[in-house]
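Shown here: my_file.txt, compact mmCIF, C-alpha atoms.
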# COMPACT_ATOMS: atom_id res chain seq x y z
CA MET M 1120 6.02 2.36 -3.89
CA LYS M 1121 3.40 -0.12 -2.90
CA LEU M 1122 3.38 0.07 0.81
CA ARG M 1123 0.99 -2.07 2.79
CA PHE M 1124 -0.57 -0.82 6.01
CA SER M 1125 -2.81 -2.34 8.61
CA HIS M 1126 -5.24 -1.34 11.24
CA PRO M 1127 -3.40 -2.26 14.48
CA ARG M 1128 -6.21 -4.70 15.34
CA ALA M 1129 -6.40 -6.33 11.91
CA SER M 1130 -4.27 -8.04 9.33
CA VAL M 1131 -2.18 -6.13 6.80
CA ALA M 1132 -4.10 -4.18 4.16
CA ILE M 1133 -2.69 -2.05 1.41
CA LEU M 1134 -2.33 -0.01 -1.36
CA ALA M 1135 -7.49 1.63 -11.46
CA LEU M 1136 -9.79 2.40 -13.47
CA ALA M 1137 -11.57 -0.91 -14.25
CA ILE M 1138 -9.73 -1.98 -17.36
CA SER M 1139 -9.14 -5.10 -19.41
CA ALA M 1140 -6.16 -7.34 -18.72
CA ALA M 1141 -4.75 -6.43 -22.11
CA SER M 1142 -4.24 -2.83 -21.00
CA ALA M 1143 -3.48 -3.39 -17.32
CA ARG M 1144 0.19 -2.40 -17.56
CA ALA M 1145 0.57 1.36 -18.00
CA GLU M 1146 3.65 3.14 -19.29
CA VAL M 1147 5.55 5.22 -16.78
CA ALA M 1148 7.96 8.11 -17.29
CA MET M 1149 10.80 6.26 -15.59
CA PRO M 1150 11.41 2.85 -14.03
CA LEU M 1151 10.10 2.37 -10.51
CA ALA M 1152 13.05 2.84 -8.18
CA SER M 1153 14.43 -0.04 -6.17
CA HIS M 1154 14.81 1.35 -2.67
CA ARG M 1155 14.75 0.90 1.10
CA ALA M 1156 12.66 3.28 3.18
CA ALA M 1157 12.00 3.75 6.88
CA TYR M 1158 9.01 5.55 8.42
CA GLU M 1159 8.37 6.58 12.02
CA ILE M 1160 4.78 6.21 13.26
CA SER M 1161 3.04 8.72 15.54
CA LEU M 1162 -0.49 9.90 16.30
CA SER M 1163 -1.48 12.64 13.88
CA ASP M 1164 -2.11 16.16 15.17
CA THR M 1165 -5.45 16.14 13.36
CA ASP M 1166 -6.74 13.75 16.02
CA SER M 1167 -6.99 16.68 18.46
CA ASN M 1168 -10.13 17.73 16.59
CA ARG M 1169 -11.88 14.38 17.10
CA PRO M 1170 -14.12 13.60 20.07
CA PRO M 1171 -12.22 11.46 22.62
CA SER M 1172 -13.38 8.13 24.00
CA GLY M 1173 -11.94 5.43 26.21
CA GLN M 1174 -10.81 3.47 23.17
CA THR M 1175 -9.34 6.43 21.27
CA PRO M 1176 -5.53 6.37 21.22
CA ILE M 1177 -3.83 9.17 23.12
CA SER M 1178 -0.43 8.34 21.63
CA ALA M 1179 1.09 6.06 19.03
CA SER M 1180 4.58 4.84 18.20
CA GLY M 1181 6.16 2.39 15.83
CA LEU M 1182 8.02 2.01 12.58
CA ILE M 1183 7.69 0.80 9.03
CA ALA M 1184 10.61 -0.77 7.20
CA TYR M 1185 10.13 -1.33 3.48
CA GLU M 1186 12.30 -2.68 0.68
CA PHE M 1187 11.25 -2.75 -2.97
CA ARG M 1188 13.37 -4.24 -5.78
CA GLY M 1189 12.95 -5.21 -9.39
CA SER M 1190 11.96 -4.12 -12.85
CA SER M 1191 9.29 -4.74 -15.46
CA CYS M 1192 11.40 -7.51 -17.03
CA GLU M 1193 12.43 -9.40 -13.88
CA GLY M 1194 9.40 -8.71 -11.67
CA TYR M 1195 9.00 -6.82 -8.39
CA ALA M 1196 9.83 -8.12 -4.91
CA SER M 1197 8.88 -6.32 -1.70
CA ASN M 1198 9.71 -6.90 1.96
CA PHE M 1199 7.55 -5.03 4.45
CA ARG M 1200 7.43 -4.84 8.25
CA GLN M 1201 5.24 -2.64 10.45
CA LEU M 1202 5.46 -2.39 14.24
CA THR M 1203 2.73 -0.33 15.91
CA GLN M 1204 1.75 0.42 19.50
CA LEU M 1205 -1.28 2.49 20.50
CA GLN M 1206 -1.75 3.81 24.04
CA ARG M 1207 -5.40 4.39 25.03
CA ASN M 1208 -7.08 6.37 27.81
CA GLU M 1209 -8.40 3.08 29.15
CA GLY M 1210 -7.02 -0.44 29.04
CA ASN M 1211 -3.72 -1.89 27.95
CA PRO M 1212 -1.80 -0.69 24.89
CA ILE M 1213 -2.61 -2.27 21.54
CA SER M 1214 0.44 -3.62 19.76
CA SER M 1215 0.94 -5.33 16.43
CA ASP M 1216 3.79 -6.70 14.33
CA ILE M 1217 3.18 -7.43 10.65
CA ARG M 1218 5.55 -8.83 8.04
CA ALA M 1219 4.75 -9.29 4.37
CA LEU M 1220 6.78 -10.69 1.48
CA THR M 1221 5.47 -10.42 -2.07
CA PHE M 1222 6.63 -11.02 -5.62
CA GLU M 1223 4.73 -9.57 -8.57
CA ASP M 1224 5.35 -10.72 -12.11
CA GLY M 1225 6.77 -7.92 -14.27
CA GLY M 1226 3.97 -8.40 -16.80
CA GLY M 1227 1.29 -8.17 -14.15
CA LYS M 1228 0.13 -11.75 -14.63
CA SER M 1229 0.74 -13.14 -11.13
CA LEU M 1230 1.34 -12.28 -7.49
CA THR M 1231 2.72 -14.46 -4.67
CA PHE M 1232 2.55 -13.46 -1.00
CA GLN M 1233 3.35 -14.54 2.54
CA ILE M 1234 2.00 -12.52 5.49
CA ASP M 1235 2.82 -13.16 9.15
CA SER M 1236 1.37 -11.07 11.96
CA GLN M 1237 0.83 -10.94 15.69
CA SER M 1238 -1.22 -8.74 17.98
CA LEU M 1239 -0.56 -8.28 21.70
CA GLY M 1240 2.22 -10.83 21.36
CA GLU M 1241 -0.08 -13.56 20.05
CA PRO M 1242 0.69 -14.81 16.51
CA ALA M 1243 -2.13 -14.98 13.99
CA PRO M 1244 -2.38 -17.79 11.43
CA PRO M 1245 -0.05 -17.05 8.50
CA ILE M 1246 -1.55 -16.14 5.14
CA ALA M 1247 0.15 -17.37 1.97
CA GLY M 1248 -0.75 -18.04 -1.60
CA SER M 1249 -0.78 -16.66 -5.10
CA ALA M 1250 -3.07 -14.98 -7.60
CA ALA M 1251 -2.87 -15.34 -11.36
CA ARG M 1252 -4.59 -13.74 -14.32
CA GLY M 1253 -5.69 -16.08 -17.11
CA ASP M 1254 -5.64 -15.40 -20.84
CA ALA M 1255 -9.27 -14.24 -20.70
CA GLY M 1256 -8.48 -11.74 -17.93
CA ASP M 1257 -10.08 -13.65 -15.05
CA THR M 1258 -8.07 -13.63 -11.82
CA THR M 1259 -7.91 -16.68 -9.55
CA ILE M 1260 -6.55 -16.82 -5.99
CA LYS M 1261 -4.92 -20.00 -4.70
CA LEU M 1262 -4.43 -19.89 -0.94
CA THR M 1263 -2.05 -22.36 0.71
CA LYS M 1264 -2.28 -20.94 4.26
CA PRO M 1265 -4.08 -21.02 6.62
CA THR M 1266 -6.00 -23.58 4.53
CA ALA M 1267 -5.91 -24.51 0.86
CA GLN M 1268 -8.61 -22.71 -1.10
CA LYS M 1269 -9.27 -21.53 -4.65
CA ILE M 1270 -11.26 -18.33 -5.26
CA ASP M 1271 -12.23 -16.62 -8.51
CA ILE M 1272 -12.36 -12.82 -8.21
CA GLY M 1273 -13.27 -11.90 -11.77
CA LYS M 1274 -11.74 -9.48 -14.23
CA ASP M 1275 -10.37 -5.94 -13.98
CA VAL M 1276 -8.28 -6.62 -10.88
CA LEU M 1277 -4.93 -4.88 -10.39
CA PHE M 1278 -2.00 -6.06 -8.29
CA PRO M 1279 -0.19 -3.50 -6.10
CA THR M 1280 2.61 -2.44 -8.47
CA GLN M 1281 0.15 -2.18 -11.33
CA HIS M 1282 -1.96 0.09 -9.17
CA VAL M 1283 1.00 2.38 -8.47
CA GLU M 1284 1.84 2.52 -12.17
CA ARG M 1285 -1.73 3.45 -13.05
CA ILE M 1286 -1.74 6.24 -10.45
CA ILE M 1287 1.53 7.65 -11.78
CA ALA M 1288 0.25 7.50 -15.36
CA LYS M 1289 -2.94 9.30 -14.32
CA ALA M 1290 -0.90 11.91 -12.45
CA ARG M 1291 1.23 12.59 -15.51
CA GLU M 1292 -1.96 13.17 -17.47
CA GLY M 1293 -3.02 15.92 -15.06
CA GLY M 1294 -4.47 14.00 -12.12
CA GLY M 1295 -8.12 13.69 -11.14
CA THR M 1296 -9.94 10.65 -9.79
CA MET M 1297 -9.42 6.97 -10.52
CA GLU M 1298 -11.30 3.87 -9.44
CA ALA M 1299 -9.73 0.44 -9.12
CA ARG M 1300 -10.25 -3.10 -7.90
CA VAL M 1301 -7.02 -4.04 -6.10
CA TYR M 1302 -5.83 -7.37 -4.71
CA ASP M 1303 -2.68 -7.74 -2.58
CA GLY M 1304 -3.29 -10.88 -0.49
CA SER M 1305 -3.88 -8.89 2.70
CA ASP M 1306 -6.41 -9.36 5.49
CA THR M 1307 -7.71 -12.94 5.05
CA GLY M 1308 -6.16 -13.39 1.61
CA LYS M 1309 -9.68 -13.38 0.14
CA LYS M 1310 -10.44 -9.68 0.11
CA VAL M 1311 -10.61 -7.46 -2.98
CA PHE M 1312 -10.47 -3.72 -2.27
CA ALA M 1313 -12.51 -1.23 -4.22
CA THR M 1314 -10.35 1.89 -4.25
CA LEU M 1315 -10.95 5.52 -5.09
CA THR M 1316 -7.83 7.58 -5.74
CA VAL M 1317 -7.77 11.38 -5.85
CA ILE M 1318 -4.66 12.84 -7.49
CA GLY M 1319 -3.89 16.52 -7.10
CA LYS M 1320 -1.91 18.79 -9.39
CA GLU M 1321 1.83 18.36 -9.66
CA ALA M 1322 3.77 20.14 -6.92
CA THR M 1323 5.94 23.03 -8.08
CA SER M 1324 8.41 23.19 -5.18
CA PRO M 1325 10.46 20.63 -3.23
CA GLY M 1326 8.43 18.76 -0.62
CA PRO M 1327 9.21 18.28 3.08
CA ASP M 1328 10.60 14.80 2.39
CA SER M 1329 13.46 16.30 0.36
CA THR M 1330 15.13 17.39 3.61
CA THR M 1331 15.29 13.71 4.62
CA ALA M 1332 15.97 12.25 1.19
CA GLU M 1333 17.99 14.49 -1.12
CA ALA M 1334 17.21 12.19 -4.05
CA LEU M 1335 13.58 13.36 -3.95
CA GLY M 1336 14.39 17.08 -4.13
CA LYS M 1337 14.14 17.36 -7.93
CA MET M 1338 11.70 14.51 -8.49
CA ARG M 1339 8.21 15.18 -9.84
CA ARG M 1340 5.54 14.55 -7.19
CA TRP M 1341 1.78 14.68 -6.75
CA PRO M 1342 -0.46 14.70 -3.66
CA VAL M 1343 -2.43 11.46 -3.62
CA SER M 1344 -5.26 10.14 -1.45
CA VAL M 1345 -6.46 6.53 -1.77
CA SER M 1346 -9.64 5.29 -0.05
CA TYR M 1347 -9.83 1.52 0.50
CA PHE M 1348 -13.29 -0.07 0.64
CA ASP M 1349 -14.16 -3.70 1.32
CA GLU M 1350 -15.72 -4.66 -2.00
CA SER M 1351 -18.07 -7.11 -0.29
CA SER M 1352 -19.50 -4.45 2.07
CA LYS M 1353 -21.91 -2.31 0.08
CA ASP M 1354 -22.41 1.34 1.08
CA ALA M 1355 -19.89 1.04 3.92
CA PRO M 1356 -17.36 3.81 4.62
CA PRO M 1357 -13.73 3.16 3.65
CA GLU M 1358 -11.75 0.91 5.94
CA TYR M 1359 -9.04 3.53 5.82
CA VAL M 1360 -7.74 6.41 3.69
CA LEU M 1361 -4.05 6.67 2.81
CA SER M 1362 -2.67 10.12 1.86
CA PHE M 1363 0.88 10.91 0.74
CA ASP M 1364 3.09 12.58 -1.85
CA LEU M 1365 3.77 10.13 -4.69
CA TYR M 1366 7.04 10.65 -6.52
CA GLU M 1367 7.44 9.80 -10.19
CA ASN M 1368 9.90 7.00 -9.38
CA GLY M 1369 7.25 5.26 -7.24
CA VAL M 1370 8.59 6.34 -3.82
CA SER M 1371 5.99 7.47 -1.30
CA GLY M 1372 6.75 10.36 1.03
CA THR M 1373 5.42 10.83 4.56
CA LEU M 1374 2.05 9.12 4.91
CA LYS M 1375 -1.19 9.81 6.72
CA LEU M 1376 -3.43 6.83 7.57
CA ASP M 1377 -6.98 7.78 8.49
CA TYR M 1378 -8.94 4.96 10.15
CA GLY M 1379 -11.97 7.10 10.92
CA ALA M 1380 -11.66 6.90 14.70
CA PHE M 1381 -8.04 8.07 14.65
CA VAL M 1382 -5.24 9.10 12.27
CA LEU M 1383 -1.63 7.96 12.19
CA THR M 1384 1.31 9.71 10.57
CA ALA M 1385 4.21 7.68 9.18
CA LYS M 1386 7.08 10.14 8.63
CA LEU M 1387 9.73 9.24 6.09
CA THR M 1388 12.98 9.19 8.08
CA LYS M 1389 15.35 7.37 5.73
CA LEU M 1390 15.53 6.56 2.02
CA GLU M 1391 18.21 4.53 0.24
CA VAL M 1392 17.87 4.28 -3.53
CA LEU M 1393 19.21 0.92 -4.76
CA PRO M 1394 20.52 -0.07 -8.19
CA THR M 1395 17.72 -0.85 -10.63
CA HIS M 1396 18.45 -3.15 -13.57
CA THR M 1397 17.60 -1.75 -16.97
CA CYS M 1398 15.50 -4.06 -19.11
CA ALA M 1399 17.02 -5.03 -22.46
CA LYS M 1400 15.18 -3.53 -25.42
Entire entry expressed as structure tokens:
Amino acid sequence: MKLRFSHPRASVAILALAISAASARAEVAMPLASHRAAYEISLSDTDSNRPPSGQTPISASGLIAYEFRGSSCEGYASNFRQLTQLQRNEGNPISSDIRALTFEDGGGKSLTFQIDSQSLGEPAPPIAGSAARGDAGDTTIKLTKPTAQKIDIGKDVLFPTQHVERIIAKAREGGGTMEARVYDGSDTGKKVFATLTVIGKEATSPGPDSTTAEALGKMRRWPVSVSYFDESSKDAPPEYVLSFDLYENGVSGTLKLDYGAFVLTAKLTKLEVLPTHTCAK
């Protein structure tokens, strides 16, 4: 699953080894599952070990609703919404509401996106556009909102579903580390993330999410941690680190989002597996 997450005070930001466009699509053991998932947001217990400050959240609440549909022959559509509220020691709560719609070509050649967000009840300018990979492997962004703009971001760029596929393929090979340039249209629509993924060894027993979603009980899974860096900011720490159990069908279990100053947990509370069309051979 290619969930997108945001810092509550920023626009949405999500989730490969630098490779050529010819090899960007990796084989997976099974089709990525079409599904709906719901996650409940809270402040992580690990925050009790961090030094407090007036701006540090003392509690957090919210939800993530996510729907993913499609296949490698018809493309992948996602519908994402995240509502978050942080209560601080000082000042008013920080609230945000982010919605993102995307469609990714099944061959990994293009991505279209529309992102709407608001913070503290005030809407931000919408972000919309597309990105396409040319025959030579170069990727070009065409923004339509908030203003029309064309940006070349070079080669070896993965779109979100491609990134998930690469992680699963690497996990099936035994795990380890993987670097990737990833573009999902988030933030300003101009940002490319440099990512570092650490994939642990395959779990040998059912995970905690299997009590919520029976369909995950017998599914292969791996512990995954993805650090997202702003590619344009050299030597800067990651903007955030996303940790979760990744299941072989592409579903993500309960998530941990580490923003440095605080950590959020997004607990998987509901999973509905939807029919997935089988591509004709």
Item to check | Of the listed residues M:Ala1196, M:Val1345, M:Ile1234, M:Leu1239, that which approaches Pro1212 (chain M) most closely, counting all atoms listed in the file | outcome: M:Leu1239
Next on the checklist: With all atoms listed in the file as the counted atoms, please give the residues lying no more than 8 Å from region 1379-1389 of chain M, apart from itself and same-chain residues fewer than 6 positions off, as a PyMOL selection string.
Outcome noted: chain M and resi 1155-1163+1165-1166+1169+1175-1176+1179+1182-1183+1328+1331-1332+1358-1359+1372-1373
Next on the checklist: Quick one: residues within 9 Å of region 1240-1245 of chain M, all atoms listed in the file, excluding same-chain residues fewer than 2 positions away - as a VMD selection string?
Outcome noted: chain M and resid 1130 1214 to 1216 1233 to 1238 1247 1264 to 1265
Checklist entry - Of the residues M:Tyr1378, M:Phe1278, M:Phe1363, M:Phe1348, which is the one nearest to Asp1303 (chain M), using all atoms listed in the file? => result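 Among M:Tyr1378, M:Phe1278, M:Phe1363, M:Phe1348, it is M:Phe1278 that comes nearest to Asp1303 (chain M).
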Checklist entry - What is the distance, in Å and to one decimal place, between CA of Thr1231 (chain M) and CA of Ile1217 (chain M)? => result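 According to the coordinates, CA of Thr1231 (chain M) and CA of Ile1217 (chain M) are separated by 16.9 Å.
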Checklist entry - What is the CA of Gln1268 (chain M)-CA of Pro1357 (chain M) distance in Å, reported with one decimal? => result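 Calculated distance between CA of Gln1268 (chain M) and CA of Pro1357 (chain M) is 26.8 Å.
If you look at CA of Gly1194 (chain M) and CA of Glu1391 (chain M), they are 19.9 Å away from each other.
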Checklist entry - For Pro1356 (chain M), which residue out of M:Ser1229, M:Ala1313, M:Glu1292, M:Lys1375 is the nearest one, using only C-alpha atoms? => result M:Ala1313
Taking the partial coordinates given, rebuild region 1225-1261 of chain M to contain N, CA and C atoms; return it as a PDB file, in the coordinates of the input.
ATOM      1  N   GLY M1225       6.563  -9.185 -13.588  1.00  0.00           N
ATOM      2  CA  GLY M1225       6.770  -7.920 -14.270  1.00  0.00           C
ATOM      3  C   GLY M1225       5.724  -7.603 -15.308  1.00  0.00           C
ATOM      4  N   GLY M1226       5.046  -8.621 -15.836  1.00  0.00           N
ATOM      5  CA  GLY M1226       3.970  -8.400 -16.800  1.00  0.00           C
ATOM      6  C   GLY M1226       2.607  -8.295 -16.164  1.00  0.00           C
ATOM      7  N   GLY M1227       2.563  -8.318 -14.841  1.00  0.00           N
ATOM      8  CA  GLY M1227       1.290  -8.170 -14.150  1.00  0.00           C
ATOM      9  C   GLY M1227       0.387  -9.384 -14.230  1.00  0.00           C
ATOM     10  N   LYS M1228       0.964 -10.563 -14.460  1.00  0.00           N
ATOM     11  CA  LYS M1228       0.130 -11.750 -14.630  1.00  0.00           C
ATOM     12  C   LYS M1228      -0.042 -12.545 -13.336  1.00  0.00           C
ATOM     13  N   SER M1229       0.843 -12.335 -12.348  1.00  0.00           N
ATOM     14  CA  SER M1229       0.740 -13.140 -11.130  1.00  0.00           C
ATOM     15  C   SER M1229       1.313 -12.392  -9.937  1.00  0.00           C
ATOM     16  N   LEU M1230       0.888 -12.833  -8.761  1.00  0.00           N
ATOM     17  CA  LEU M1230       1.340 -12.280  -7.490  1.00  0.00           C
ATOM     18  C   LEU M1230       1.450 -13.422  -6.492  1.00  0.00           C
ATOM     19  N   THR M1231       2.591 -13.518  -5.781  1.00  0.00           N
ATOM     20  CA  THR M1231       2.720 -14.460  -4.670  1.00  0.00           C
ATOM     21  C   THR M1231       2.942 -13.676  -3.392  1.00  0.00           C
ATOM     22  N   PHE M1232       2.487 -14.219  -2.255  1.00  0.00           N
ATOM     23  CA  PHE M1232       2.550 -13.460  -1.000  1.00  0.00           C
ATOM     24  C   PHE M1232       2.635 -14.388   0.199  1.00  0.00           C
ATOM     25  N   GLN M1233       3.275 -13.882   1.251  1.00  0.00           N
ATOM     26  CA  GLN M1233       3.350 -14.540   2.540  1.00  0.00           C
ATOM     27  C   GLN M1233       3.237 -13.447   3.602  1.00  0.00           C
ATOM     28  N   ILE M1234       2.244 -13.544   4.478  1.00  0.00           N
ATOM     29  CA  ILE M1234       2.000 -12.520   5.490  1.00  0.00           C
ATOM     30  C   ILE M1234       1.956 -13.187   6.866  1.00  0.00           C
ATOM     31  N   ASP M1235       2.795 -12.681   7.773  1.00  0.00           N
ATOM     32  CA  ASP M1235       2.820 -13.160   9.150  1.00  0.00           C
ATOM     33  C   ASP M1235       2.549 -11.987  10.074  1.00  0.00           C
ATOM     34  N   SER M1236       1.721 -12.180  11.075  1.00  0.00           N
ATOM     35  CA  SER M1236       1.370 -11.070  11.960  1.00  0.00           C
ATOM     36  C   SER M1236       1.119 -11.584  13.372  1.00  0.00           C
ATOM     37  N   GLN M1237       1.222 -10.653  14.323  1.00  0.00           N
ATOM     38  CA  GLN M1237       0.830 -10.940  15.690  1.00  0.00           C
ATOM     39  C   GLN M1237       0.293  -9.672  16.325  1.00  0.00           C
ATOM     40  N   SER M1238      -0.629  -9.850  17.257  1.00  0.00           N
ATOM     41  CA  SER M1238      -1.220  -8.740  17.980  1.00  0.00           C
ATOM     42  C   SER M1238      -1.171  -9.060  19.461  1.00  0.00           C
ATOM     43  N   LEU M1239      -0.713  -8.087  20.256  1.00  0.00           N
ATOM     44  CA  LEU M1239      -0.560  -8.280  21.700  1.00  0.00           C
ATOM     45  C   LEU M1239       0.302  -9.495  22.007  1.00  0.00           C
ATOM     46  N   GLY M1240       1.288  -9.741  21.142  1.00  0.00           N
ATOM     47  CA  GLY M1240       2.220 -10.830  21.360  1.00  0.00           C
ATOM     48  C   GLY M1240       1.726 -12.186  20.923  1.00  0.00           C
ATOM     49  N   GLU M1241       0.485 -12.280  20.463  1.00  0.00           N
ATOM     50  CA  GLU M1241      -0.080 -13.560  20.050  1.00  0.00           C
ATOM     51  C   GLU M1241      -0.053 -13.665  18.524  1.00  0.00           C
ATOM     52  N   PRO M1242       0.628 -14.680  17.971  1.00  0.00           N
ATOM     53  CA  PRO M1242       0.690 -14.810  16.510  1.00  0.00           C
ATOM     54  C   PRO M1242      -0.656 -15.193  15.916  1.00  0.00           C
ATOM     55  N   ALA M1243      -0.942 -14.621  14.750  1.00  0.00           N
ATOM     56  CA  ALA M1243      -2.130 -14.980  13.990  1.00  0.00           C
ATOM     57  C   ALA M1243      -1.750 -16.041  12.962  1.00  0.00           C
ATOM     58  N   PRO M1244      -2.708 -16.808  12.461  1.00  0.00           N
ATOM     59  CA  PRO M1244      -2.380 -17.790  11.430  1.00  0.00           C
ATOM     60  C   PRO M1244      -1.750 -17.109  10.220  1.00  0.00           C
ATOM     61  N   PRO M1245      -0.667 -17.658   9.671  1.00  0.00           N
ATOM     62  CA  PRO M1245      -0.050 -17.050   8.500  1.00  0.00           C
ATOM     63  C   PRO M1245      -0.968 -17.120   7.283  1.00  0.00           C
ATOM     64  N   ILE M1246      -0.785 -16.178   6.383  1.00  0.00           N
ATOM     65  CA  ILE M1246      -1.550 -16.140   5.140  1.00  0.00           C
ATOM     66  C   ILE M1246      -0.560 -16.239   3.991  1.00  0.00           C
ATOM     67  N   ALA M1247      -0.752 -17.191   3.092  1.00  0.00           N
ATOM     68  CA  ALA M1247       0.150 -17.370   1.970  1.00  0.00           C
ATOM     69  C   ALA M1247      -0.616 -17.888   0.769  1.00  0.00           C
ATOM     70  N   GLY M1248      -0.114 -17.561  -0.400  1.00  0.00           N
ATOM     71  CA  GLY M1248      -0.750 -18.040  -1.600  1.00  0.00           C
ATOM     72  C   GLY M1248      -0.299 -17.268  -2.822  1.00  0.00           C
ATOM     73  N   SER M1249      -1.105 -17.345  -3.851  1.00  0.00           N
ATOM     74  CA  SER M1249      -0.780 -16.660  -5.100  1.00  0.00           C
ATOM     75  C   SER M1249      -2.070 -16.280  -5.802  1.00  0.00           C
ATOM     76  N   ALA M1250      -1.952 -15.363  -6.747  1.00  0.00           N
ATOM     77  CA  ALA M1250      -3.070 -14.980  -7.600  1.00  0.00           C
ATOM     78  C   ALA M1250      -2.536 -14.891  -9.015  1.00  0.00           C
ATOM     79  N   ALA M1251      -3.316 -15.342  -9.979  1.00  0.00           N
ATOM     80  CA  ALA M1251      -2.870 -15.340 -11.360  1.00  0.00           C
ATOM     81  C   ALA M1251      -4.009 -14.918 -12.279  1.00  0.00           C
ATOM     82  N   ARG M1252      -3.625 -14.201 -13.340  1.00  0.00           N
ATOM     83  CA  ARG M1252      -4.590 -13.740 -14.320  1.00  0.00           C
ATOM     84  C   ARG M1252      -4.510 -14.644 -15.550  1.00  0.00           C
ATOM     85  N   GLY M1253      -5.639 -15.198 -15.956  1.00  0.00           N
ATOM     86  CA  GLY M1253      -5.690 -16.080 -17.110  1.00  0.00           C
ATOM     87  C   GLY M1253      -5.707 -15.306 -18.420  1.00  0.00           C
ATOM     88  N   ASP M1254      -5.660 -16.023 -19.516  1.00  0.00           N
ATOM     89  CA  ASP M1254      -5.640 -15.400 -20.840  1.00  0.00           C
ATOM     90  C   ASP M1254      -6.895 -14.583 -21.111  1.00  0.00           C
ATOM     91  N   ALA M1255      -8.019 -14.968 -20.490  1.00  0.00           N
ATOM     92  CA  ALA M1255      -9.270 -14.240 -20.700  1.00  0.00           C
ATOM     93  C   ALA M1255      -9.421 -13.063 -19.744  1.00  0.00           C
ATOM     94  N   GLY M1256      -8.435 -12.870 -18.859  1.00  0.00           N
ATOM     95  CA  GLY M1256      -8.480 -11.740 -17.930  1.00  0.00           C
ATOM     96  C   GLY M1256      -9.039 -12.062 -16.568  1.00  0.00           C
ATOM     97  N   ASP M1257      -9.552 -13.267 -16.356  1.00  0.00           N
ATOM     98  CA  ASP M1257     -10.080 -13.650 -15.050  1.00  0.00           C
ATOM     99  C   ASP M1257      -8.933 -13.916 -14.071  1.00  0.00           C
ATOM    100  N   THR M1258      -9.100 -13.463 -12.833  1.00  0.00           N
ATOM    101  CA  THR M1258      -8.070 -13.630 -11.820  1.00  0.00           C
ATOM    102  C   THR M1258      -8.515 -14.670 -10.797  1.00  0.00           C
ATOM    103  N   THR M1259      -7.620 -15.597 -10.490  1.00  0.00           N
ATOM    104  CA  THR M1259      -7.910 -16.680  -9.550  1.00  0.00           C
ATOM    105  C   THR M1259      -6.899 -16.666  -8.421  1.00  0.00           C
ATOM    106  N   ILE M1260      -7.395 -16.738  -7.178  1.00  0.00           N
ATOM    107  CA  ILE M1260      -6.550 -16.820  -5.990  1.00  0.00           C
ATOM    108  C   ILE M1260      -6.403 -18.288  -5.594  1.00  0.00           C
ATOM    109  N   LYS M1261      -5.178 -18.676  -5.257  1.00  0.00           N
ATOM    110  CA  LYS M1261      -4.920 -20.000  -4.700  1.00  0.00           C
ATOM    111  C   LYS M1261      -4.234 -19.824  -3.355  1.00  0.00           C
TER     112      LYS M1261
END
